[in-house]
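What's in work-v4.csv: CSV, C-alpha atoms
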chain,number,residue,atom,x,y,z
A,1380,MET,CA,16.7,10.3,8.0
A,1381,ALA,CA,13.8,8.3,9.2
A,1382,ASP,CA,13.5,4.6,8.7
A,1383,MET,CA,10.4,3.0,7.3
A,1384,PRO,CA,7.9,2.0,10.0
A,1385,ALA,CA,8.9,-1.0,12.1
A,1386,ARG,CA,5.8,-3.0,11.2
A,1387,LEU,CA,6.3,-2.6,7.5
A,1388,ALA,CA,10.0,-3.6,7.8
A,1389,GLU,CA,8.8,-6.8,9.6
A,1390,ILE,CA,6.4,-7.6,6.8
A,1391,VAL,CA,9.2,-7.0,4.2
A,1392,ASP,CA,11.5,-9.3,6.1
A,1393,GLU,CA,8.8,-12.0,6.4
A,1394,PHE,CA,8.3,-12.0,2.7
A,1395,ALA,CA,12.0,-11.8,1.8
A,1396,ALA,CA,12.7,-14.8,4.0
A,1397,ALA,CA,9.8,-16.9,2.8
A,1398,PRO,CA,10.1,-19.8,0.4
A,1399,ARG,CA,9.3,-18.6,-3.1
A,1400,ASP,CA,6.3,-20.9,-3.5
A,1401,LEU,CA,4.6,-19.5,-0.4
A,1402,VAL,CA,5.0,-15.8,-1.3
A,1403,LEU,CA,1.8,-15.5,-3.4
A,1404,GLU,CA,-0.2,-17.3,-0.7
A,1405,MET,CA,1.2,-14.9,2.0
A,1406,LEU,CA,0.5,-11.9,-0.2
A,1407,LEU,CA,-3.1,-12.9,-0.7
A,1408,GLU,CA,-3.7,-13.1,3.0
A,1409,TYR,CA,-3.3,-9.3,3.1
A,1410,ALA,CA,-6.2,-8.8,0.7
A,1411,ASP,CA,-8.5,-9.1,3.7
A,1412,VAL,CA,-6.7,-6.5,5.8
A,1413,ILE,CA,-8.3,-3.5,4.0
A,1414,PRO,CA,-11.3,-2.2,6.0
A,1415,VAL,CA,-14.4,-1.1,4.2
A,1416,LEU,CA,-14.5,2.6,3.4
A,1417,PRO,CA,-15.2,4.7,6.5
A,1418,GLU,CA,-18.7,5.9,7.1
A,1419,GLY,CA,-19.3,9.2,5.2
A,1420,THR,CA,-16.7,8.5,2.5
A,1421,VAL,CA,-19.2,9.4,-0.3
A,1422,ASP,CA,-18.3,8.9,-3.9
A,1423,ARG,CA,-14.6,8.5,-3.0
A,1424,GLU,CA,-14.5,12.2,-2.1
A,1425,GLY,CA,-10.9,13.4,-1.8
A,1426,MET,CA,-9.6,10.1,-3.0
A,1427,GLU,CA,-7.2,9.7,-5.9
A,1428,GLN,CA,-7.4,7.1,-8.6
A,1429,VAL,CA,-4.3,5.1,-9.5
A,1430,PRO,CA,-4.6,4.5,-13.2
A,1431,GLU,CA,-1.6,2.2,-13.3
A,1432,CYS,CA,-3.6,-0.5,-11.5
A,1433,GLN,CA,-5.6,-2.8,-13.7
A,1434,THR,CA,-8.7,-2.3,-11.6
A,1435,SER,CA,-10.4,0.8,-10.3
A,1436,PHE,CA,-8.2,1.6,-7.3
A,1437,PHE,CA,-8.6,4.8,-5.2
A,1438,LEU,CA,-6.6,6.0,-2.2
A,1439,ARG,CA,-6.1,8.8,0.2
A,1440,ALA,CA,-3.4,9.6,2.6
A,1441,LYS,CA,-4.1,12.1,5.3
A,1442,VAL,CA,-1.6,13.6,7.8
A,1443,THR,CA,-3.5,14.0,11.1
A,1444,PRO,CA,-3.1,16.8,13.6
A,1445,GLU,CA,-1.4,14.3,15.8
A,1446,GLY,CA,1.4,13.8,13.2
A,1447,THR,CA,0.5,10.4,12.0
A,1448,VAL,CA,-0.6,9.3,8.5
A,1449,THR,CA,-4.0,7.6,8.0
A,1450,THR,CA,-4.6,5.7,4.7
A,1451,ILE,CA,-7.9,4.9,3.1
A,1452,PHE,CA,-8.1,2.5,0.2
A,1453,ASP,CA,-10.9,1.5,-2.1
A,1454,CYS,CA,-10.3,-1.6,-4.2
A,1455,PRO,CA,-12.7,-4.2,-5.5
A,1456,PRO,CA,-12.6,-7.7,-4.0
A,1457,GLU,CA,-12.1,-9.1,-7.5
A,1458,ALA,CA,-8.6,-7.6,-7.5
A,1459,PRO,CA,-6.9,-9.7,-4.7
A,1460,THR,CA,-3.3,-8.9,-5.6
A,1461,THR,CA,-3.9,-5.1,-5.6
A,1462,ARG,CA,-6.0,-5.3,-2.5
A,1463,ALA,CA,-3.1,-7.2,-0.9
A,1464,PHE,CA,-0.6,-4.5,-1.8
A,1465,ALA,CA,-3.0,-2.0,-0.1
A,1466,GLY,CA,-3.4,-4.3,2.9
A,1467,ILE,CA,0.3,-4.5,3.4
A,1468,LEU,CA,0.5,-0.7,3.3
A,1469,ALA,CA,-2.5,-0.3,5.5
A,1470,GLU,CA,-1.0,-2.6,8.2
A,1471,GLY,CA,2.6,-1.6,7.7
A,1472,LEU,CA,2.0,2.2,7.8
A,1473,ALA,CA,-0.6,2.2,10.6
A,1474,SER,CA,0.2,5.1,13.0
A,1475,ALA,CA,3.4,5.9,11.0
A,1476,SER,CA,4.7,9.4,10.9
A,1477,PRO,CA,4.9,11.3,7.6
A,1478,GLU,CA,8.7,11.0,7.7
A,1479,GLU,CA,8.4,7.2,8.1
A,1480,VAL,CA,6.0,7.0,5.2
A,1481,LEU,CA,8.3,9.0,3.0
A,1482,ALA,CA,11.2,6.7,4.0
A,1483,VAL,CA,9.5,3.6,2.5
A,1484,PRO,CA,11.8,2.5,-0.4
A,1485,ASP,CA,10.2,2.8,-3.8
A,1486,ASP,CA,11.3,-0.7,-4.7
A,1487,LEU,CA,9.4,-2.1,-1.6
A,1488,TYR,CA,7.8,-5.0,-3.6
A,1489,GLN,CA,11.1,-6.1,-5.2
A,1490,ARG,CA,12.6,-6.1,-1.7
A,1491,MET,CA,9.8,-8.4,-0.6
A,1492,GLY,CA,10.7,-10.9,-3.3
A,1493,LEU,CA,7.4,-10.4,-5.1
A,1494,ALA,CA,9.0,-9.7,-8.5
A,1495,GLN,CA,9.4,-13.5,-9.0
A,1496,ALA,CA,5.8,-14.3,-7.8
A,1497,ILE,CA,3.6,-11.8,-9.7
A,1498,THR,CA,3.6,-10.1,-13.0
A,1499,PRO,CA,5.6,-6.9,-13.7
A,1500,LEU,CA,2.3,-5.1,-14.5
A,1501,ARG,CA,1.0,-5.8,-11.0
A,1502,ILE,CA,4.4,-4.7,-9.4
A,1503,ARG,CA,4.0,-1.5,-11.3
A,1504,GLY,CA,0.5,-1.0,-10.0
A,1505,GLY,CA,1.7,-1.6,-6.4
A,1506,THR,CA,4.6,0.7,-6.9
A,1507,ALA,CA,2.3,3.4,-8.2
A,1508,ILE,CA,0.1,3.0,-5.1
A,1509,LEU,CA,3.0,3.7,-2.9
A,1510,GLY,CA,4.2,6.6,-5.0
A,1511,ARG,CA,0.9,8.3,-4.8
A,1512,LEU,CA,0.6,7.8,-1.1
A,1513,LYS,CA,4.0,9.4,-0.6
A,1514,ARG,CA,3.2,12.3,-2.9
A,1515,GLN,CA,0.0,13.0,-1.0
A,1516,VAL,CA,1.9,13.0,2.3
A,1517,ARG,CA,4.6,15.3,0.8
A,1518,GLU,CA,2.0,17.8,-0.4
A,1519,GLN,CA,0.4,18.0,3.0
A,1520,LEU,CA,3.7,18.6,4.7
A,1521,GLY,CA,4.1,21.6,2.3

What do you get writing this file as structure tokens?
Amino acid sequence: MADMPARLAEIVDEFAAAPRDLVLEMLLEYADVIPVLPEGTVDREGMEQVPECQTSFFLRAKVTPEGTVTTIFDCPPEAPTTRAFAGILAEGLASASPEEVLAVPDDLYQRMGLAQAITPLRIRGGTAILGRLKRQVREQLG
């Protein structure tokens, strides 16, 4: 079975090792990682909404012909925590194979030690984002 992507594992380890009082600050640094929507992504075409998030959050995972997964996220700037979750996934899953994406543990955010730093509602939103990404990848693998 594949392991989760190395970069994502590094991020998880960094968070797990960090002092509790720095976790939120570290998390929010990832809010700036998400690029703006690619040119030509009109009206969030092909993107799926994640209703578990408190803000309007849309995502799309695409398995490329080269066998890697690309992710697209659309999340308003006024939702920094949710953007940060997406930023961690965007950076941690960059160039990952479908198998690596599917190997990401569902309790990723708990493993990072975020459960103590942010509300359960936000953790649930982040977990839902990951769950939908993985489902989209599975569907494309057929």

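Note that CA of Phe1437 in chain A and CA of Pro1455 in chain A are 9.9 Å apart.
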
> Between A:Cys1432, A:Met1383, A:Ala1395, A:Ile1497, which has the minimum distance to Thr1461 in chain A (counting all atoms listed in the file)?
Replying inline: A:Cys1432

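If you measure from each of A:Lys1441, A:Arg1423, A:Arg1514, A:Arg1462 to Leu1481 in chain A using only C-alpha atoms, the closest one turns out to be A:Arg1514.
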
>> Quick check, in Å to one decimal: how far apart do CA of Leu1472 in chain A and CA of Glu1408 in chain A lie?
In response: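 A separation of 17.0 Å between them.
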
> Between CA of Ala1385 in chain A and CA of Gln1495 in chain A, what is the distance, to one decimal in Å?
Replying inline: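 So the answer is 24.5 Å.
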
> So which residues are close to (2.7, 3.0, -5.4), meaning at most 12 Å away in the file's coordinates with all atoms listed in the file counted, and can you show them as a PyMOL selection string?
Replying inline: chain A and resi 1427-1432+1436-1439+1461+1464-1465+1467-1468+1480-1481+1483-1488+1501-1515

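The neighbours of Ala1482 in chain A here are the residues that come within 8 Å of it, using all atoms listed in the file and leaving out any residue fewer than 3 positions away in the same chain; they are Met1380, Ala1381, Asp1382, Met1383, Glu1478 and Glu1479 of chain A.
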
> Which is closer to Val1448 in chain A than all the others in A:Val1412, A:Leu1407, A:Leu1401, A:Val1516, using all atoms listed in the file?
Replying inline: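 Result for the nearest residue to Val1448 in chain A: A:Val1516.
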
> Which of these residues is nearest to Glu1393 in chain A, using all atoms listed in the file: A:Thr1460, A:Ser1474, A:Met1491, A:Asp1411?
Replying inline: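 Between A:Thr1460, A:Ser1474, A:Met1491, A:Asp1411, the residue approaching Glu1393 in chain A most closely is A:Met1491.
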
>> Could you check which residues have any atom within 10 Å of (-8.5, -4.9, 4.8), counting all atoms listed in the file with coordinates taken straight from the file, and then list them as a PyMOL selection string?
In response: chain A and resi 1408-1416+1451-1454+1462-1463+1465-1467+1469-1470

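Among the candidates A:Asp1422, A:Val1391, A:Ala1397, A:Gln1433, the one nearest to Pro1499 in chain A when counting all atoms listed in the file is A:Gln1433.
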
>> Calculated over only C-alpha atoms, which of the candidates A:Pro1398, A:Pro1444, A:Pro1456, A:Gly1471 has the smallest distance to Gly1492 in chain A?
In response: A:Pro1398

> If we count only C-alpha atoms, what is near Thr1447 in chain A at a cut-off of 7 Å, once residues fewer than 6 positions away on the same chain are taken out, given as a list in words?
Replying inline: Ser1474, Ala1475, Ser1476 and Pro1477 of chain A

For the selection you just gave me, I'd like the residues written to a file as a PDB file, keeping the file's coordinate frame, keeping C-alpha atoms.
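File produced: selection.pdb:
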ATOM      1  CA  SER A1474       0.200   5.100  13.000  1.00  0.00           C
ATOM      2  CA  ALA A1475       3.400   5.900  11.000  1.00  0.00           C
ATOM      3  CA  SER A1476       4.700   9.400  10.900  1.00  0.00           C
ATOM      4  CA  PRO A1477       4.900  11.300   7.600  1.00  0.00           C
TER       5      PRO A1477
END
